[in-house]
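Enquirer: File target-v9.txt below, compact mmCIF, C-alpha atoms and all ligand atoms:
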# COMPACT_ATOMS: atom_id res chain seq x y z
CA MET M 3 -2.04 -28.53 -31.79
CA GLN M 4 1.31 -27.59 -33.31
CA LYS M 5 3.03 -29.35 -36.18
CA HIS M 6 6.74 -29.57 -35.45
CA ARG M 7 9.48 -30.62 -37.84
CA ALA M 8 12.27 -31.25 -35.33
CA THR M 9 14.57 -34.29 -35.38
CA ALA M 10 11.45 -36.12 -36.50
CA LEU M 11 8.11 -34.75 -37.63
CA HIS M 12 5.45 -34.84 -34.92
CA TYR M 13 2.42 -32.97 -33.68
CA ASP M 14 2.33 -31.39 -30.22
CA PHE M 15 -1.10 -31.63 -28.65
CA ARG M 16 -1.67 -29.20 -25.80
CA LEU M 17 -4.61 -28.70 -23.43
CA GLU M 18 -4.80 -25.61 -21.25
CA ALA M 19 -5.25 -26.64 -17.61
CA GLY M 20 -4.09 -25.18 -14.31
CA GLY M 21 -2.45 -22.21 -15.98
CA VAL M 22 -0.19 -24.23 -18.27
CA LEU M 23 -0.38 -26.19 -21.52
CA VAL M 24 -0.34 -29.88 -20.60
CA SER M 25 1.36 -31.46 -23.60
CA TRP M 26 1.79 -34.64 -25.61
CA ALA M 27 3.92 -35.35 -28.68
CA VAL M 28 1.96 -37.31 -31.28
CA PRO M 29 4.40 -38.78 -33.85
CA LYS M 30 1.80 -39.65 -36.49
CA GLY M 31 -0.55 -36.77 -35.75
CA PRO M 32 -4.27 -37.06 -35.04
CA SER M 33 -6.63 -39.39 -36.88
CA LEU M 34 -10.34 -38.72 -37.32
CA SER M 35 -10.97 -42.47 -37.43
CA PRO M 36 -12.07 -44.10 -34.16
CA ALA M 37 -10.29 -47.25 -35.37
CA ASP M 38 -6.91 -45.53 -35.04
CA LYS M 39 -5.10 -45.23 -31.75
CA ARG M 40 -2.36 -42.67 -32.10
CA LEU M 41 0.59 -42.83 -29.72
CA ALA M 42 0.87 -39.62 -27.67
CA MET M 43 3.96 -39.24 -25.49
CA ALA M 44 3.47 -37.02 -22.44
CA VAL M 45 6.04 -34.21 -22.50
CA GLU M 46 6.73 -31.23 -20.25
CA ASP M 47 4.12 -28.54 -19.67
CA HIS M 48 4.49 -25.39 -21.76
CA PRO M 49 3.54 -21.79 -20.91
CA LEU M 50 0.13 -20.64 -22.14
CA ASP M 51 1.46 -18.17 -24.68
CA TYR M 52 3.31 -20.96 -26.47
CA ALA M 53 0.01 -22.11 -27.98
CA ARG M 54 0.29 -19.43 -30.68
CA PHE M 55 4.02 -19.77 -31.29
CA GLU M 56 4.83 -20.30 -34.92
CA GLY M 57 8.36 -19.99 -36.26
CA VAL M 58 11.79 -21.53 -36.09
CA ILE M 59 13.62 -22.96 -33.06
CA PRO M 60 17.38 -22.71 -33.77
CA GLU M 61 19.14 -25.96 -34.64
CA GLY M 62 21.09 -27.20 -31.64
CA GLU M 63 18.40 -26.05 -29.20
CA TYR M 64 15.86 -28.50 -27.79
CA GLY M 65 13.20 -29.06 -30.45
CA GLY M 66 15.27 -27.30 -33.10
CA GLY M 67 13.25 -26.96 -36.29
CA THR M 68 10.06 -25.40 -37.64
CA VAL M 69 6.82 -25.04 -35.67
CA MET M 70 3.35 -24.43 -37.13
CA VAL M 71 0.08 -23.67 -35.36
CA TRP M 72 -1.73 -26.54 -37.06
CA ASP M 73 -4.99 -26.19 -35.14
CA ILE M 74 -6.30 -24.08 -32.31
CA GLY M 75 -9.52 -23.76 -30.36
CA THR M 76 -11.18 -24.59 -27.09
CA TYR M 77 -12.10 -27.82 -25.36
CA GLU M 78 -14.39 -29.03 -22.64
CA LEU M 79 -14.12 -32.04 -20.41
CA GLU M 80 -16.96 -34.49 -20.45
CA ASP M 81 -19.05 -35.16 -17.35
CA ASP M 82 -17.80 -32.13 -15.39
CA GLU M 83 -14.72 -34.08 -14.36
CA ARG M 84 -11.69 -32.19 -13.17
CA PHE M 85 -8.66 -32.10 -15.40
CA ASP M 86 -6.10 -32.95 -12.73
CA GLN M 87 -8.12 -35.96 -11.61
CA ALA M 88 -8.53 -37.19 -15.18
CA LEU M 89 -4.80 -36.68 -15.82
CA ARG M 90 -3.86 -38.65 -12.70
CA ARG M 91 -6.32 -41.38 -13.56
CA GLY M 92 -4.83 -41.62 -17.03
CA ARG M 93 -8.07 -41.11 -18.89
CA ILE M 94 -9.17 -37.71 -20.24
CA VAL M 95 -12.46 -37.54 -22.14
CA PHE M 96 -13.11 -34.26 -23.90
CA THR M 97 -14.73 -32.42 -26.79
CA LEU M 98 -12.64 -30.28 -29.13
CA HIS M 99 -13.85 -27.09 -30.75
CA GLY M 100 -10.94 -26.50 -33.12
CA LYS M 101 -10.85 -25.36 -36.70
CA LYS M 102 -9.78 -28.83 -37.89
CA LEU M 103 -10.37 -31.14 -34.92
CA ARG M 104 -13.87 -31.32 -33.52
CA GLY M 105 -16.10 -33.59 -31.53
CA GLY M 106 -15.28 -36.22 -28.96
CA TRP M 107 -11.79 -37.50 -28.21
CA THR M 108 -10.18 -39.66 -25.52
CA LEU M 109 -6.62 -39.65 -24.22
CA VAL M 110 -5.84 -42.83 -22.31
CA ARG M 111 -2.55 -43.71 -20.63
CA THR M 112 -1.15 -47.13 -21.36
CA SER M 113 2.16 -47.08 -19.45
CA GLY M 114 4.60 -44.49 -18.19
CA ARG M 115 4.56 -41.50 -20.51
CA LYS M 116 2.71 -43.40 -23.22
CA TRP M 117 -0.86 -42.38 -23.96
CA LEU M 118 -3.18 -43.04 -26.88
CA LEU M 119 -5.18 -40.30 -28.61
CA ILE M 120 -8.40 -41.71 -30.01
CA LYS M 121 -11.30 -40.08 -31.85
CA ARG M 122 -14.68 -41.03 -30.43
CA ARG M 123 -17.49 -42.13 -32.72
CA ASP M 124 -19.62 -39.12 -33.59
CA ARG M 125 -20.51 -36.98 -36.58
CA TRP M 126 -17.00 -35.53 -36.68
CA ALA M 127 -15.43 -38.96 -37.09
CA SER M 128 -14.16 -39.58 -40.62
CA THR M 129 -11.77 -41.58 -42.77
CA VAL M 130 -10.32 -38.35 -44.19
CA ASP M 131 -6.56 -38.12 -43.59
CA ILE M 132 -6.82 -34.72 -41.90
CA ALA M 133 -3.07 -34.18 -41.60
CA ARG M 134 -2.69 -34.58 -45.36
CA ALA M 135 -5.95 -32.84 -46.31
CA LYS M 136 -5.35 -29.78 -44.10
CA PRO M 137 -1.59 -29.25 -43.96
CA ARG M 138 -1.58 -25.46 -43.53
CA SER M 139 -1.30 -23.26 -40.47
CA VAL M 140 -4.66 -22.10 -39.11
CA GLN M 141 -2.88 -18.92 -38.07
CA SER M 142 -1.05 -17.91 -41.25
CA ARG M 143 -2.14 -20.42 -43.95
CA ARG M 144 1.53 -21.19 -44.51
CA LEU M 145 3.07 -24.64 -44.97
CA LEU M 146 6.12 -25.61 -42.89
CA ALA M 147 8.46 -24.60 -45.74
CA GLY M 148 6.92 -21.12 -45.84
CA ILE M 149 7.33 -20.68 -42.09
CA ALA M 150 10.98 -21.77 -42.34
CA ARG M 151 11.57 -19.41 -45.27
CA ASP M 152 10.07 -16.42 -43.43
CA ASN M 153 12.09 -17.09 -40.29
CA GLY M 154 15.50 -18.03 -41.62
CA GLY M 155 15.02 -21.74 -40.98
CA ASP M 156 16.03 -24.84 -42.92
CA ILE M 157 13.52 -24.74 -45.78
CA ALA M 158 14.45 -28.14 -47.23
CA LYS M 159 14.15 -29.86 -43.85
CA ALA M 160 10.83 -28.14 -43.11
CA ALA M 161 9.48 -29.11 -46.53
CA THR M 162 9.89 -32.80 -45.71
CA GLY M 163 7.02 -32.30 -43.26
CA ASP M 164 4.73 -30.84 -45.93
CA PRO M 165 2.65 -33.08 -48.23
CA ALA M 166 4.55 -34.03 -51.38
MN MN M 201 7.53 -30.72 -30.39
How does this structure look as structure tokens?
Ligand code: MN
Expert:
Amino acid sequence: MQKHRATALHYDFRLEAGGVLVSWAVPKGPSLSPADKRLAMAVEDHPLDYARFEGVIPEGEYGGGTVMVWDIGTYELEDDERFDQALRRGRIVFTLHGKKLRGGWTLVRTSGRKWLLIKRRDRWASTVDIARAKPRSVQSRRLLAGIARDNGGDIAKAATGDPA
């Protein structure tokens, strides 16, 4: 999952499947609470090596702004289902083995490109605001402002995505 301060702050959730990163933009980021249903807009697939991209996309280009590797890890589908079938069906049930996000999650399509990302009830569920509690890159420990600074980006704009 990447944290991306573009036109608006959002998190890009990506699952490797079929040789690409199937992707969703999650405006509010993930919640560890099963009571929260976070909107996740399906977006275009990305190449696999994009999962570790951290830096600045030039202003004026698509997605212009600062990108952080907010979490990374592996996942497994539940019940031996196939990813493409689950994607088509609009319901993907999986377990995350990230550094920040763990345990059971569900992505369910509501209409069109709109999906919901929901934590399942297990020992990794929590009321902790994970986005606020763990704002740093798992790859570099930097905040968005630090990534912008190191890559010639807009530091003030990036900083608006960091906790106050
Ligand atoms: Mn994005």
Enquirer: Name the residues in contact with Gly57 (chain M) at a cut-off of 9 Å, using all atoms listed in the file, excluding same-chain residues fewer than 3 positions from it; report them as a list of chain:residue names.
Expert: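 The neighbour list is M:Gly67, M:Thr68, M:Val69, M:Met70, M:Leu146, M:Ile149, M:Ala150, M:Asp152, M:Asn153, M:Gly155.
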Enquirer: With distances taken over only C-alpha atoms, which residue among M:Lys102, M:Arg143, M:His6, M:Arg54 lies nearest Val130 (chain M)?
Expert: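 Using only C-alpha atoms, Val130 (chain M) sits closest to M:Lys102.
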Enquirer: Which one of M:Gly31, M:Pro137, M:Pro60, M:Gly65 sits closest to ligand MN 201 (chain M) if you count only C-alpha atoms and all ligand atoms?
Expert: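 Selected residue with least distance to ligand MN 201 (chain M): M:Gly65.
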Enquirer: Give me the residues of chain M that have any atom at most 8 Å from an atom of ligand MN 201 (chain M); for each, the nearest atom pair and the distance in Å, rounded to one decimal. Use only C-alpha atoms and all ligand atoms, sort by chain and number, and format it as a tab-separated table.
Expert:
residue	atom	partner	partner_atom	distance
M:Gln4	CA	M:MN201	MN	7.6
M:Lys5	CA	M:MN201	MN	7.5
M:His6	CA	M:MN201	MN	5.2
M:Arg7	CA	M:MN201	MN	7.7
M:Ala8	CA	M:MN201	MN	6.9
M:His12	CA	M:MN201	MN	6.5
M:Tyr13	CA	M:MN201	MN	6.5
M:Asp14	CA	M:MN201	MN	5.2
M:Ala27	CA	M:MN201	MN	6.1
M:Gly65	CA	M:MN201	MN	5.9
M:Val69	CA	M:MN201	MN	7.8
Enquirer: What's the 8 Å shell around region 75-88 of chain M, counting all atoms listed in the file, without same-chain residues fewer than 5 positions away, as a ChimeraX atom specification?
Expert: /M:17,19,93-101
Enquirer: How would the residues just picked look written out with C-alpha atoms as a CSV table (one decimal), in the frame of the given file?
Expert:
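Now in selection_10.csv:
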chain,number,residue,atom,x,y,z
M,17,LEU,CA,-4.6,-28.7,-23.4
M,19,ALA,CA,-5.2,-26.6,-17.6
M,93,ARG,CA,-8.1,-41.1,-18.9
M,94,ILE,CA,-9.2,-37.7,-20.2
M,95,VAL,CA,-12.5,-37.5,-22.1
M,96,PHE,CA,-13.1,-34.3,-23.9
M,97,THR,CA,-14.7,-32.4,-26.8
M,98,LEU,CA,-12.6,-30.3,-29.1
M,99,HIS,CA,-13.8,-27.1,-30.8
M,100,GLY,CA,-10.9,-26.5,-33.1
M,101,LYS,CA,-10.8,-25.4,-36.7
Enquirer: Taking all atoms listed in the file into account, name the residue in M:Ala53, M:Val110, M:Ile74, M:Ile59 that is nearest to Thr9 (chain M).
Expert: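 Result for the nearest residue to Thr9 (chain M): M:Ile59.
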